[in-house]
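One structure is given below, encoded as structure tokens.
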Amino acid sequence: MNKELHIVVCVKIVPKPEDVTLKEDNTLDRANAESVINPPDKNAVETAVSLKERYGGKVTAISMGPPFFDDFMRLIMAMGVDDAILLSDRAFAGADTYPTTLTLAAGIKKLGDVDLVICGEESSDGGTGNVPPGIAEWLGWTQATYCHEIDYDEIQSRFVVKRSVSTGYEVISIPKPAVVSVELGVNSPRFPNFYLKQEYDQSYKVTIWDAKALNLDPETVGLKGSHTTVDSLKSSKGKERKKQFIVGSPKEIAEKLATIILENM
Amino acid sequence: MSKTKKPTNTTDWKGIWVILEHAKGKVSGVSWEILGKARELGDRYGIRVSAVLLGTNLDEVAKEAIYRGADEVYVAEHEALMHYSWEAHTKVVTDLVEKYRPNILLLAATHNGRDLAGRLAVRLNTGLTADVVELDIEPEGELLVGSVPGFGGSILAVIKCEHSRPQMATIRPGVLIAQELDTSRTGEIHKIASDIPPNLITTQVLQEIPVESVDISKAKRIVAAGRGVGTNLELVEELAELLDAAIGVTRPLADIGLKSRDHQIGSTGVTVRPKLAIIVGVSGAAHFVSGIQDAETIISINIDEEALIFDHSDYCVVADLNDVLPELIEALKARLYSTAK
């Protein structure tokens with residue numbers, strides 16, 4: 001009856017948005033971009049680890065990306081996660097949400113015996129928010145997106161979540177297994193324990209699963225499995241601005257601004 | 001688990017569909033905006049525009065959808081559709097799409113719109129362009145072209161879905177323009193019988209907590225505050241009140257709950273296009289700027305002369321807002337009250 005929870009947390013390693021620019025030829029320049037854990041995914045990790053602390057069980061982190069992301073996976077483990085898996089294969093590259101969710105769902109399915117999958121609400125690079133419901137559909141599980149609070153009802157064996165909707169919030173109860181996403185900032189993610197990180201660096205090997213391990217046909221993943229294509233990129237520049245600096249004492253500035261405001265409102 | 005990609009004969013799929021999101025019959029602004037754009041594209045290319053409504057007691061709303069640009073409305077009324085659930089909504093929309101085969105299927109990029117769209121795209125085995133800020137159809141009248149912000153909003157990716165149907169997209173609030181209500185418009189209303197098995201919905205709604213929402217996307221004037229303001233919005237609120245302006249905040253201020261998400265400007269918040277924006281204590285990260293860059297005039301006040309926000313401003317003030325704002329409020333009061341006399 002009181003089986004302990006197995007929680008999977010999905011994380012994405014993303015380039016820092018402000019470090020990515022567009023080159024003259026409208027291709028991405030991410031050479032100087034620092035990689036970071038997608039911010040809401042840290043809230044997802046915190047949610048997963050605190051649920052484990054309350055109800056017992058284990059947390060597995062899963063991510064799709066190149067093998068050298070294993071260092072980030074150990075960093076996430078140092079936040080209290082028990083195991084880490086990287087889904088890594090050249091064939092996974094260039095995926096839109098359709099094959100991305102297929103691949104993540106395949107990884108979760110291979111783990112078996114999972115009760116809850118927690119994702120961040122969206123990624124800061126692509127930002128679609130469509131990955132959590134996509135994973136849920138591939139697995140045939142229920143979903144709850146944009147959650148603020150997630151609790152486990154041990155007696156009913158269901159999750160109770162408070163999610164944000166356009167009219168406010170709703171509190172819903174959903175059965176196991178489920179896929180949920182949490183909003184950015186819903187909790188304060190704990191800092192990684194650096195002693196633990198050092199220990200994992202020495203002794204823990206992140207599990208890597210490729211398309212073959214996941215039993216996925218290379219034709220269905222990555223760019224080949226995508227329905228959408230990026231036709232081109234362009235910079236999102238607003239209007240040309242005057243960039244006129246107003247100087248003087250606070251009083252002088254205020255008078256000049258008052259004139260500008262009344263002329264432009 | 002793996003579905004093989006079905007080759008779709010794209011010519012069998014026709015028309016633009018807009019799924020209207022509503023709360024107990026009150027349609028959200030973004031849904032009318034999407035319908036407005038669909039009408040414009042429909043007129044340009046001679047494409048039929050259909051609205052889809054799921055819920056209960058929808059007769060009046062269906063008429064309004066016609067008045068706001070739809071040629072026809074599919075209305076699915078069922079008790080199980082009264083409250084949004086992914087289970088029933090995914091099932092009903094999937095059944096409709098498989099039966100009528102729309103070429104384009106548009107939803108609002110709201111929480112529930114994305115909740116539904118992400119699920120539907122996998123079930124329908126098709127492509128989804130998420131969070132569109134610019135929407136168009138290629139000159140042949142077939143292919144949807146959606147521009148979506150990436151990397152915090154500074155870069156737009158132009159996305160197409162050439163081989164799968166329907167071409168799905170979710171559209172951000174505030175980026176398109178709704179049609180005026182035209183009660184002389186006529187159209188067909190089709191009532192659809194929904195097949196919703198009683199055990200389909202496993203979600204139980206325990207509680208609804210309404211939070212009064214504000215819509216700043218249409219505000220003529222906005223005073224926007226960022227982290228530089230700290231946690232006290234008093235001066236900002238006073239200035240906003242004086243100018244009859246809406247208050248906007250950056251994501252960090254919304255995160256700490258200083259203002260609700262309705263007030264959050266940027267790529268994960270609201271897109272605004274006011275006549276005048278006064279931006280105080282905002283550094284100018286791309287994800288914020290992308291939500292306000294269409295403002296007609298931008299005035300920025302920041303203590304840091306290197307602040308990125310100045311690159312996006314018409315009038316720039318390098319100063320401590322605690323020095324300038326009280327003086328500005330006084331100066332404005334003096335002028336506004338003297339003209340009132």
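Every chain in the structure tokens has a letter given in the order shown (A, B, ...), and although residue numbers restart at 1 in each chain, ligands are simply numbered from 1 in the order shown.
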
Could the residues of chain A that have an atom at most 7 Å from chain B be listed as a Markdown table, each with its closest atom pair and the distance in Å to one decimal, counting only C-alpha atoms and ordered by chain and ascending residue number?
| residue | atom | partner | partner_atom | distance |
| --- | --- | --- | --- | --- |
| A:Pro17 | CA | B:Phe151 | CA | 4.3 |
| A:Glu18 | CA | B:Ala286 | CA | 6.9 |
| A:Val20 | CA | B:Phe151 | CA | 6.8 |
| A:Tyr98 | CA | B:Val122 | CA | 6.4 |
| A:Ser124 | CA | B:Phe151 | CA | 6.2 |
| A:Asp125 | CA | B:Phe151 | CA | 4.3 |
| A:Gly126 | CA | B:Gly150 | CA | 5.2 |
| A:Gly127 | CA | B:Gly150 | CA | 6.8 |
| A:Thr128 | CA | B:Ala130 | CA | 5.2 |
| A:Gly129 | CA | B:Arg114 | CA | 6.7 |
| A:Asn130 | CA | B:Gly118 | CA | 4.3 |
| A:Val131 | CA | B:Gly118 | CA | 6.7 |
| A:Pro133 | CA | B:Arg119 | CA | 4.9 |
| A:Gly134 | CA | B:Arg119 | CA | 5.1 |
| A:Glu137 | CA | B:Arg119 | CA | 5.7 |
| A:Trp138 | CA | B:Met1 | CA | 6.9 |
| A:Thr145 | CA | B:Asp115 | CA | 6.4 |
| A:Tyr146 | CA | B:His111 | CA | 6.9 |
| A:Val165 | CA | B:His111 | CA | 5.8 |
| A:Ser166 | CA | B:His111 | CA | 7.0 |
| A:Thr167 | CA | B:Pro210 | CA | 5.5 |
| A:Gly168 | CA | B:Val211 | CA | 4.3 |
| A:Tyr169 | CA | B:Ile209 | CA | 4.9 |
| A:Glu170 | CA | B:Glu208 | CA | 4.4 |
| A:Val171 | CA | B:Gln207 | CA | 5.0 |
| A:Ile172 | CA | B:Val205 | CA | 4.5 |
| A:Ser173 | CA | B:Gln204 | CA | 5.0 |
| A:Ile174 | CA | B:Thr203 | CA | 4.9 |
| A:Pro175 | CA | B:Thr202 | CA | 6.8 |
| A:Gly185 | CA | B:Asp255 | CA | 5.6 |
| A:Thr220 | CA | B:Thr4 | CA | 7.0 |
| A:His227 | CA | B:Gly127 | CA | 4.6 |
| A:Thr228 | CA | B:Cys161 | CA | 4.4 |
| A:Thr229 | CA | B:Lys160 | CA | 5.5 |
| A:Val230 | CA | B:Ile159 | CA | 4.7 |
| A:Asp231 | CA | B:Val158 | CA | 5.4 |
| A:Ser232 | CA | B:Val158 | CA | 5.2 |
| A:Leu233 | CA | B:Ala157 | CA | 4.5 |
| A:Lys234 | CA | B:Leu156 | CA | 5.2 |
| A:Ser235 | CA | B:Ile155 | CA | 4.5 |
| A:Ser236 | CA | B:Ser154 | CA | 5.2 |
| A:Gly238 | CA | B:Gln293 | CA | 4.9 |
| A:Lys239 | CA | B:Asp294 | CA | 6.7 |
| A:Arg241 | CA | B:Asp314 | CA | 4.9 |
| A:Lys242 | CA | B:Asp314 | CA | 4.3 |
| A:Lys243 | CA | B:Asp314 | CA | 4.6 |
| A:Gln244 | CA | B:Tyr315 | CA | 4.9 |
| A:Phe245 | CA | B:Cys316 | CA | 4.6 |
| A:Ile246 | CA | B:Val317 | CA | 5.4 |
| A:Val247 | CA | B:Val317 | CA | 6.8 |
| A:Pro250 | CA | B:Val324 | CA | 5.0 |
| A:Lys251 | CA | B:Glu327 | CA | 5.7 |
| A:Ala254 | CA | B:Leu328 | CA | 4.3 |
| A:Glu255 | CA | B:Ala331 | CA | 6.0 |
| A:Ala258 | CA | B:Leu332 | CA | 5.6 |
| A:Asn264 | CA | B:Leu276 | CA | 6.4 |
| A:Met265 | CA | B:Leu276 | CA | 5.8 |

Now that the selection is made, can you save its residues with C-alpha atoms as a PDB file, in the first residue's frame?
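Result file follows (again15.pdb):
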ATOM      1  CA  PRO A  17      19.604  33.500 -23.241  1.00  0.00           C
ATOM      2  CA  GLU A  18      21.521  36.789 -23.119  1.00  0.00           C
ATOM      3  CA  VAL A  20      23.079  33.941 -27.610  1.00  0.00           C
ATOM      4  CA  TYR A  98       7.356  15.867 -30.985  1.00  0.00           C
ATOM      5  CA  SER A 124      14.309  29.479 -21.518  1.00  0.00           C
ATOM      6  CA  ASP A 125      15.725  28.851 -25.010  1.00  0.00           C
ATOM      7  CA  GLY A 126      12.790  27.372 -26.912  1.00  0.00           C
ATOM      8  CA  GLY A 127      10.076  28.150 -24.422  1.00  0.00           C
ATOM      9  CA  THR A 128       7.107  26.190 -25.697  1.00  0.00           C
ATOM     10  CA  GLY A 129       5.758  24.664 -22.491  1.00  0.00           C
ATOM     11  CA  ASN A 130       4.517  21.803 -24.645  1.00  0.00           C
ATOM     12  CA  VAL A 131       6.977  19.166 -23.510  1.00  0.00           C
ATOM     13  CA  PRO A 133       1.805  17.379 -21.929  1.00  0.00           C
ATOM     14  CA  GLY A 134       3.622  15.739 -24.858  1.00  0.00           C
ATOM     15  CA  GLU A 137       0.462  11.750 -24.063  1.00  0.00           C
ATOM     16  CA  TRP A 138       3.222   9.355 -25.209  1.00  0.00           C
ATOM     17  CA  THR A 145       0.767  21.939 -15.955  1.00  0.00           C
ATOM     18  CA  TYR A 146       1.768  25.269 -14.370  1.00  0.00           C
ATOM     19  CA  VAL A 165      -5.021  29.194 -14.762  1.00  0.00           C
ATOM     20  CA  SER A 166      -6.167  32.440 -16.368  1.00  0.00           C
ATOM     21  CA  THR A 167      -8.980  32.898 -13.832  1.00  0.00           C
ATOM     22  CA  GLY A 168      -6.736  32.303 -10.812  1.00  0.00           C
ATOM     23  CA  TYR A 169      -5.902  28.892  -9.411  1.00  0.00           C
ATOM     24  CA  GLU A 170      -7.504  25.488  -9.323  1.00  0.00           C
ATOM     25  CA  VAL A 171      -6.795  22.666  -6.931  1.00  0.00           C
ATOM     26  CA  ILE A 172      -7.154  19.294  -8.605  1.00  0.00           C
ATOM     27  CA  SER A 173      -6.582  15.690  -7.666  1.00  0.00           C
ATOM     28  CA  ILE A 174      -4.980  13.419 -10.248  1.00  0.00           C
ATOM     29  CA  PRO A 175      -4.197   9.701 -10.231  1.00  0.00           C
ATOM     30  CA  GLY A 185       9.852  30.628  -8.785  1.00  0.00           C
ATOM     31  CA  THR A 220      11.524   8.851 -35.569  1.00  0.00           C
ATOM     32  CA  HIS A 227       7.165  17.864 -37.881  1.00  0.00           C
ATOM     33  CA  THR A 228       8.244  21.497 -37.805  1.00  0.00           C
ATOM     34  CA  THR A 229      11.251  23.141 -39.414  1.00  0.00           C
ATOM     35  CA  VAL A 230      12.991  26.382 -38.611  1.00  0.00           C
ATOM     36  CA  ASP A 231      12.757  28.244 -41.901  1.00  0.00           C
ATOM     37  CA  SER A 232      14.934  31.168 -40.826  1.00  0.00           C
ATOM     38  CA  LEU A 233      15.974  33.286 -37.874  1.00  0.00           C
ATOM     39  CA  LYS A 234      15.647  37.005 -37.452  1.00  0.00           C
ATOM     40  CA  SER A 235      16.385  39.409 -34.674  1.00  0.00           C
ATOM     41  CA  SER A 236      13.439  40.769 -32.828  1.00  0.00           C
ATOM     42  CA  GLY A 238      11.693  46.959 -31.960  1.00  0.00           C
ATOM     43  CA  LYS A 239      11.447  50.478 -33.254  1.00  0.00           C
ATOM     44  CA  ARG A 241      14.797  54.748 -30.516  1.00  0.00           C
ATOM     45  CA  LYS A 242      15.964  58.310 -29.959  1.00  0.00           C
ATOM     46  CA  LYS A 243      18.223  57.377 -27.003  1.00  0.00           C
ATOM     47  CA  GLN A 244      18.263  60.969 -25.840  1.00  0.00           C
ATOM     48  CA  PHE A 245      19.769  61.445 -22.379  1.00  0.00           C
ATOM     49  CA  ILE A 246      18.050  63.924 -20.091  1.00  0.00           C
ATOM     50  CA  VAL A 247      20.495  65.498 -17.637  1.00  0.00           C
ATOM     51  CA  PRO A 250      16.525  65.856 -10.152  1.00  0.00           C
ATOM     52  CA  LYS A 251      14.246  68.903 -10.294  1.00  0.00           C
ATOM     53  CA  ALA A 254      11.612  66.134 -13.551  1.00  0.00           C
ATOM     54  CA  GLU A 255      10.510  69.302 -15.351  1.00  0.00           C
ATOM     55  CA  ALA A 258       6.956  66.185 -17.289  1.00  0.00           C
ATOM     56  CA  ASN A 264       3.408  61.874 -25.537  1.00  0.00           C
ATOM     57  CA  MET A 265       0.526  60.517 -23.496  1.00  0.00           C
TER      58      MET A 265
END

Polymer residues at most 8 Å from Leu216 (chain A), only C-alpha atoms, same-chain spacing of 4 or more positions, as JSON, numbers by chain: {"A": [103, 106, 211, 212, 220, 221], "B": [2]}

Could you pull out the strand (DSSP E) residues of region 11-195 of chain A from DSSP and send them as a ChimeraX atom specification? /A:11,13-15,21-22,28-29,35-37,57-64,83-87,116-120,142-153,158-165,168-175,178-182

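Remark: for Glu4 (chain A), the closest of the candidate residues A:Arg90, A:Lys16, A:Lys109, A:Arg54 is A:Arg54 (distances computed over only C-alpha atoms).
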
Just the residues within 12 Å of Val92 (chain B), please, counting only C-alpha atoms, with nothing from its chain fewer than 2 positions along; format it as a PDB file with N, CA and C atoms, in the first residue's frame.
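As written to disk, around-v7.pdb reads:
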ATOM      1  N   ILE B  19      -9.711  27.587 -31.790  1.00  0.00           N
ATOM      2  CA  ILE B  19     -10.369  27.085 -30.578  1.00  0.00           C
ATOM      3  C   ILE B  19     -10.497  28.238 -29.601  1.00  0.00           C
ATOM      4  N   VAL B  52     -14.254  27.075 -32.764  1.00  0.00           N
ATOM      5  CA  VAL B  52     -14.645  25.869 -32.025  1.00  0.00           C
ATOM      6  C   VAL B  52     -14.882  26.253 -30.573  1.00  0.00           C
ATOM      7  N   LEU B  53     -16.046  25.868 -30.061  1.00  0.00           N
ATOM      8  CA  LEU B  53     -16.397  26.184 -28.677  1.00  0.00           C
ATOM      9  C   LEU B  53     -16.747  24.903 -27.932  1.00  0.00           C
ATOM     10  N   LEU B  54     -16.148  24.728 -26.760  1.00  0.00           N
ATOM     11  CA  LEU B  54     -16.442  23.564 -25.924  1.00  0.00           C
ATOM     12  C   LEU B  54     -16.941  24.054 -24.572  1.00  0.00           C
ATOM     13  N   GLY B  55     -18.051  23.498 -24.100  1.00  0.00           N
ATOM     14  CA  GLY B  55     -18.550  23.915 -22.792  1.00  0.00           C
ATOM     15  C   GLY B  55     -20.035  23.648 -22.661  1.00  0.00           C
ATOM     16  N   TYR B  74     -18.310  25.483 -34.589  1.00  0.00           N
ATOM     17  CA  TYR B  74     -18.610  24.149 -34.083  1.00  0.00           C
ATOM     18  C   TYR B  74     -18.801  24.252 -32.575  1.00  0.00           C
ATOM     19  N   VAL B  75     -19.975  23.890 -32.111  1.00  0.00           N
ATOM     20  CA  VAL B  75     -20.271  24.014 -30.686  1.00  0.00           C
ATOM     21  C   VAL B  75     -20.454  22.624 -30.082  1.00  0.00           C
ATOM     22  N   ALA B  76     -19.585  22.272 -29.158  1.00  0.00           N
ATOM     23  CA  ALA B  76     -19.715  20.997 -28.457  1.00  0.00           C
ATOM     24  C   ALA B  76     -20.174  21.292 -27.036  1.00  0.00           C
ATOM     25  N   GLU B  77     -21.430  20.972 -26.749  1.00  0.00           N
ATOM     26  CA  GLU B  77     -21.956  21.218 -25.405  1.00  0.00           C
ATOM     27  C   GLU B  77     -22.117  19.899 -24.668  1.00  0.00           C
ATOM     28  N   HIS B  78     -21.535  19.845 -23.481  1.00  0.00           N
ATOM     29  CA  HIS B  78     -21.574  18.622 -22.688  1.00  0.00           C
ATOM     30  C   HIS B  78     -21.219  19.000 -21.255  1.00  0.00           C
ATOM     31  N   ALA B  80     -19.523  17.492 -19.182  1.00  0.00           N
ATOM     32  CA  ALA B  80     -18.123  17.170 -18.894  1.00  0.00           C
ATOM     33  C   ALA B  80     -17.158  18.204 -19.454  1.00  0.00           C
ATOM     34  N   LEU B  81     -17.696  19.135 -20.265  1.00  0.00           N
ATOM     35  CA  LEU B  81     -16.820  20.159 -20.843  1.00  0.00           C
ATOM     36  C   LEU B  81     -16.947  21.496 -20.126  1.00  0.00           C
ATOM     37  N   TYR B  84     -12.542  22.974 -17.716  1.00  0.00           N
ATOM     38  CA  TYR B  84     -11.485  22.450 -18.585  1.00  0.00           C
ATOM     39  C   TYR B  84     -10.839  21.207 -17.989  1.00  0.00           C
ATOM     40  N   SER B  85     -10.746  20.153 -18.772  1.00  0.00           N
ATOM     41  CA  SER B  85      -9.905  19.015 -18.403  1.00  0.00           C
ATOM     42  C   SER B  85      -9.204  18.576 -19.678  1.00  0.00           C
ATOM     43  N   TRP B  86      -7.955  18.204 -19.570  1.00  0.00           N
ATOM     44  CA  TRP B  86      -7.223  17.783 -20.769  1.00  0.00           C
ATOM     45  C   TRP B  86      -7.881  16.562 -21.375  1.00  0.00           C
ATOM     46  N   GLU B  87      -8.449  15.702 -20.522  1.00  0.00           N
ATOM     47  CA  GLU B  87      -9.014  14.446 -21.024  1.00  0.00           C
ATOM     48  C   GLU B  87     -10.157  14.704 -22.016  1.00  0.00           C
ATOM     49  N   ALA B  88     -11.165  15.457 -21.551  1.00  0.00           N
ATOM     50  CA  ALA B  88     -12.345  15.663 -22.391  1.00  0.00           C
ATOM     51  C   ALA B  88     -12.037  16.597 -23.568  1.00  0.00           C
ATOM     52  N   HIS B  89     -11.272  17.648 -23.311  1.00  0.00           N
ATOM     53  CA  HIS B  89     -10.978  18.594 -24.388  1.00  0.00           C
ATOM     54  C   HIS B  89     -10.130  17.945 -25.491  1.00  0.00           C
ATOM     55  N   THR B  90      -9.135  17.152 -25.091  1.00  0.00           N
ATOM     56  CA  THR B  90      -8.310  16.487 -26.106  1.00  0.00           C
ATOM     57  C   THR B  90      -9.168  15.537 -26.941  1.00  0.00           C
ATOM     58  N   THR B  94      -9.902  16.186 -30.882  1.00  0.00           N
ATOM     59  CA  THR B  94      -9.351  15.150 -31.766  1.00  0.00           C
ATOM     60  C   THR B  94     -10.444  14.576 -32.669  1.00  0.00           C
ATOM     61  N   ASP B  95     -11.586  14.268 -32.077  1.00  0.00           N
ATOM     62  CA  ASP B  95     -12.699  13.718 -32.873  1.00  0.00           C
ATOM     63  C   ASP B  95     -13.116  14.702 -33.975  1.00  0.00           C
ATOM     64  N   LEU B  96     -13.209  15.980 -33.612  1.00  0.00           N
ATOM     65  CA  LEU B  96     -13.612  16.999 -34.590  1.00  0.00           C
ATOM     66  C   LEU B  96     -12.578  17.138 -35.712  1.00  0.00           C
ATOM     67  N   VAL B  97     -11.301  17.176 -35.325  1.00  0.00           N
ATOM     68  CA  VAL B  97     -10.228  17.363 -36.303  1.00  0.00           C
ATOM     69  C   VAL B  97     -10.188  16.178 -37.257  1.00  0.00           C
ATOM     70  N   GLU B  98     -10.331  14.976 -36.721  1.00  0.00           N
ATOM     71  CA  GLU B  98     -10.264  13.801 -37.595  1.00  0.00           C
ATOM     72  C   GLU B  98     -11.445  13.749 -38.554  1.00  0.00           C
ATOM     73  N   LYS B  99     -12.578  14.288 -38.111  1.00  0.00           N
ATOM     74  CA  LYS B  99     -13.760  14.267 -38.962  1.00  0.00           C
ATOM     75  C   LYS B  99     -13.726  15.367 -40.033  1.00  0.00           C
ATOM     76  N   LEU B 116      -3.535  21.962 -23.476  1.00  0.00           N
ATOM     77  CA  LEU B 116      -4.285  21.211 -24.477  1.00  0.00           C
ATOM     78  C   LEU B 116      -3.470  21.007 -25.762  1.00  0.00           C
ATOM     79  N   LEU B 120      -2.569  17.563 -27.684  1.00  0.00           N
ATOM     80  CA  LEU B 120      -3.211  17.338 -28.986  1.00  0.00           C
ATOM     81  C   LEU B 120      -2.197  17.059 -30.089  1.00  0.00           C
ATOM     82  N   ILE B 192     -22.464  19.993 -32.106  1.00  0.00           N
ATOM     83  CA  ILE B 192     -21.771  18.715 -32.241  1.00  0.00           C
ATOM     84  C   ILE B 192     -22.080  17.830 -31.039  1.00  0.00           C
ATOM     85  N   ALA B 193     -22.399  16.587 -31.312  1.00  0.00           N
ATOM     86  CA  ALA B 193     -22.593  15.641 -30.201  1.00  0.00           C
ATOM     87  C   ALA B 193     -21.225  15.114 -29.789  1.00  0.00           C
ATOM     88  N   SER B 194     -20.905  15.239 -28.509  1.00  0.00           N
ATOM     89  CA  SER B 194     -19.590  14.796 -28.044  1.00  0.00           C
ATOM     90  C   SER B 194     -19.663  13.414 -27.436  1.00  0.00           C
ATOM     91  N   ASP B 195     -18.669  12.612 -27.799  1.00  0.00           N
ATOM     92  CA  ASP B 195     -18.601  11.266 -27.249  1.00  0.00           C
ATOM     93  C   ASP B 195     -17.579  11.279 -26.105  1.00  0.00           C
ATOM     94  N   ILE B 196     -18.081  11.454 -24.896  1.00  0.00           N
ATOM     95  CA  ILE B 196     -17.193  11.489 -23.728  1.00  0.00           C
ATOM     96  C   ILE B 196     -17.587  10.366 -22.773  1.00  0.00           C
ATOM     97  N   PRO B 197     -16.850   9.249 -22.795  1.00  0.00           N
ATOM     98  CA  PRO B 197     -17.185   8.145 -21.894  1.00  0.00           C
ATOM     99  C   PRO B 197     -17.122   8.599 -20.440  1.00  0.00           C
ATOM    100  N   LEU B 200     -13.772   8.725 -18.586  1.00  0.00           N
ATOM    101  CA  LEU B 200     -12.641   9.336 -19.289  1.00  0.00           C
ATOM    102  C   LEU B 200     -11.864  10.318 -18.404  1.00  0.00           C
TER     103      LEU B 200
END

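CA of Gly284 (chain B) to CA of Ser164 (chain A) spans 26.7 Å [interatomic distance, one decimal].
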
If we count only C-alpha atoms and set the cut-off at 7 Å, which residues sit around Arg185 (chain B), ignoring sequence neighbours fewer than 3 positions away in its own chain? Please answer as a PyMOL selection string. chain B and resi 66-67+182

To test your reading of the structure, identify every residue in region 101-236 of chain A that backbone DSSP assigns to helix (DSSP H, G or I), and report it as a VMD selection string. chain A and resid 101 to 111 131 to 139 194 to 203 218 to 220

Please dump the current selection as an mmCIF file, in the first residue's frame; keep C-alpha atoms.
data_model
loop_
_atom_site.group_PDB
_atom_site.id
_atom_site.type_symbol
_atom_site.label_atom_id
_atom_site.label_comp_id
_atom_site.auth_asym_id
_atom_site.auth_seq_id
_atom_site.Cartn_x
_atom_site.Cartn_y
_atom_site.Cartn_z
ATOM 1 C CA THR A 101 8.755 14.166 -25.914
ATOM 2 C CA LEU A 102 8.936 10.749 -27.585
ATOM 3 C CA THR A 103 12.552 10.350 -26.484
ATOM 4 C CA LEU A 104 11.987 11.541 -22.911
ATOM 5 C CA ALA A 105 8.920 9.330 -22.621
ATOM 6 C CA ALA A 106 10.970 6.351 -23.844
ATOM 7 C CA GLY A 107 13.570 7.035 -21.136
ATOM 8 C CA ILE A 108 10.890 7.273 -18.445
ATOM 9 C CA LYS A 109 9.262 4.079 -19.701
ATOM 10 C CA LYS A 110 12.586 2.249 -19.608
ATOM 11 C CA LEU A 111 12.997 3.229 -15.958
ATOM 12 C CA VAL A 131 6.977 19.166 -23.510
ATOM 13 C CA PRO A 132 5.197 18.091 -20.281
ATOM 14 C CA PRO A 133 1.805 17.379 -21.929
ATOM 15 C CA GLY A 134 3.622 15.739 -24.858
ATOM 16 C CA ILE A 135 5.454 13.327 -22.550
ATOM 17 C CA ALA A 136 2.184 12.569 -20.773
ATOM 18 C CA GLU A 137 0.462 11.750 -24.063
ATOM 19 C CA TRP A 138 3.222 9.355 -25.209
ATOM 20 C CA LEU A 139 3.028 7.585 -21.846
ATOM 21 C CA PHE A 194 29.542 20.701 -3.051
ATOM 22 C CA TYR A 195 31.055 17.940 -0.940
ATOM 23 C CA LEU A 196 28.516 15.599 -2.447
ATOM 24 C CA LYS A 197 29.261 16.983 -5.903
ATOM 25 C CA GLN A 198 32.962 16.221 -5.446
ATOM 26 C CA GLU A 199 32.114 12.756 -4.283
ATOM 27 C CA TYR A 200 29.897 12.123 -7.318
ATOM 28 C CA ASP A 201 32.602 13.545 -9.606
ATOM 29 C CA GLN A 202 34.937 10.834 -8.328
ATOM 30 C CA SER A 203 32.625 7.896 -7.913
ATOM 31 C CA PRO A 218 16.501 6.704 -35.556
ATOM 32 C CA GLU A 219 14.025 7.795 -38.252
ATOM 33 C CA THR A 220 11.524 8.851 -35.569
#

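Residues surrounding Tyr55 (chain A) within 12 Å are A:Asn2, A:Lys3, A:Glu4, A:Leu5, A:His6, A:Ile7, A:Ala48, A:Val49, A:Ser50, A:Asp151, A:Tyr152, A:Asp153, A:Glu154, A:Ile155, A:Ser157, A:Phe159 [only C-alpha atoms; sequence separation below 5 positions excluded].
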
Could you dump the residues just selected with N, CA and C atoms as a tab-separated table (two decimals), in the first residue's frame?
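Generated file (out39.tsv):
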chain	number	residue	atom	x	y	z
A	2	ASN	N	1.69	1.39	1.04
A	2	ASN	CA	2.53	2.57	1.10
A	2	ASN	C	3.84	2.40	0.35
A	3	LYS	N	3.70	2.12	-0.92
A	3	LYS	CA	4.90	2.01	-1.73
A	3	LYS	C	5.56	3.40	-1.81
A	4	GLU	N	6.85	3.41	-1.73
A	4	GLU	CA	7.54	4.70	-1.79
A	4	GLU	C	7.48	5.25	-3.21
A	5	LEU	N	7.59	6.56	-3.32
A	5	LEU	CA	7.45	7.21	-4.62
A	5	LEU	C	8.73	7.14	-5.44
A	6	HIS	N	8.56	6.85	-6.72
A	6	HIS	CA	9.69	7.04	-7.64
A	6	HIS	C	9.35	8.26	-8.50
A	7	ILE	N	10.12	9.31	-8.31
A	7	ILE	CA	9.87	10.57	-9.01
A	7	ILE	C	10.97	10.79	-10.04
A	48	ALA	N	10.69	17.85	-6.44
A	48	ALA	CA	10.88	16.39	-6.41
A	48	ALA	C	11.58	15.95	-5.13
A	49	VAL	N	12.66	16.66	-4.80
A	49	VAL	CA	13.45	16.24	-3.63
A	49	VAL	C	12.64	16.45	-2.35
A	50	SER	N	11.88	17.55	-2.28
A	50	SER	CA	11.11	17.76	-1.04
A	50	SER	C	9.96	16.77	-0.92
A	151	ASP	N	1.24	17.92	-3.79
A	151	ASP	CA	1.27	17.11	-2.58
A	151	ASP	C	0.80	15.70	-2.93
A	152	TYR	N	1.14	14.76	-2.07
A	152	TYR	CA	0.78	13.38	-2.33
A	152	TYR	C	-0.23	12.93	-1.28
A	153	ASP	N	-1.35	12.41	-1.74
A	153	ASP	CA	-2.37	11.88	-0.84
A	153	ASP	C	-2.13	10.38	-0.73
A	154	GLU	N	-1.48	9.97	0.35
A	154	GLU	CA	-1.05	8.57	0.48
A	154	GLU	C	-2.23	7.60	0.56
A	155	ILE	N	-3.31	8.07	1.17
A	155	ILE	CA	-4.47	7.18	1.35
A	155	ILE	C	-5.14	6.89	0.02
A	157	SER	N	-3.72	7.48	-2.85
A	157	SER	CA	-2.70	7.22	-3.86
A	157	SER	C	-2.84	8.17	-5.05
A	159	PHE	N	-2.21	12.47	-6.47
A	159	PHE	CA	-1.52	13.73	-6.23
A	159	PHE	C	-2.53	14.86	-6.20

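In this comparison, which uses only C-alpha atoms, the residue of A:Val14, A:Val114, A:Lys256, A:Trp141 approaching Thr60 (chain A) most closely is A:Val114.
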
Name the closest residue to Glu33 (chain B) among the candidates B:Ile104, B:Leu253, B:Val272, B:Ala178; distances are taken between atoms, counting only C-alpha atoms. B:Ala178
